[in-house]
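To start, the structure itself, in structure tokens.
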Amino acid sequence: MTPETVFKPRTDPETEPVLLFANPNPGPGEQDQYKQLINAELARQGIPPAHLADRMGMSRPRLHKILKQTNPLPEGLRDRIFNELGMDHVRAKISVALLRDPDAYANQAVFLATESLKSFYLEVMTCRRGSIEVDLRPAIIHEAARRAYDLLLSHQERVMQNHQTLQA
């Protein structure tokens, strides 16, 4: 792969623009895409919408009308549903608002890109405040940190015991 092959237009510039930012056939709106994303996540987790309505303390017909019909999906309700389903708000918004593809939420590349963007944003914010904060999410990193801390404490305890033994 060379720069020439990467940046070479794939179509004839006369027939189609090289940089096409808008889809000539617009698909469903942003709200409909969020509804698709929520319905896909409900199906993936095996949760009927009625059970979700019960867990959220709202009427089943109201949630059904919002998710399956044309009633609008308010932003606050959307965020509550994301919380209830354990969905990543940022990844959902990137999938729908930027990529315009609710199916991209399940894509591993979108997950990695989202985590990188969140990490970068956190780094920028901590640099602006002049402090150091680290947001480590993966469980393996938490486990490694816990083990390292336990090892450090046991080493400190052994040093204290050896020190007492030498003084005695």
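Note on naming: chains are A, B, ... as they come in the structure tokens, residues start from 1 per chain, ligands start from 1 in the order shown.
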### Message
Can you tell me which residues surround region 27-33 of chain A at a distance of at most 6 Å, considering only C-alpha atoms, apart from same-chain residues fewer than 2 positions away, and format the answer as a ChimeraX atom specification?
### Response
/A:35-36,102
### Task
Kindly indicate which residue among A:Ile38, A:Cys127, A:Leu151, A:Ala92 lies nearest to Leu73 (chain A), using only C-alpha atoms for the distances.
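Nearest to Leu73 (chain A): A:Ile38.
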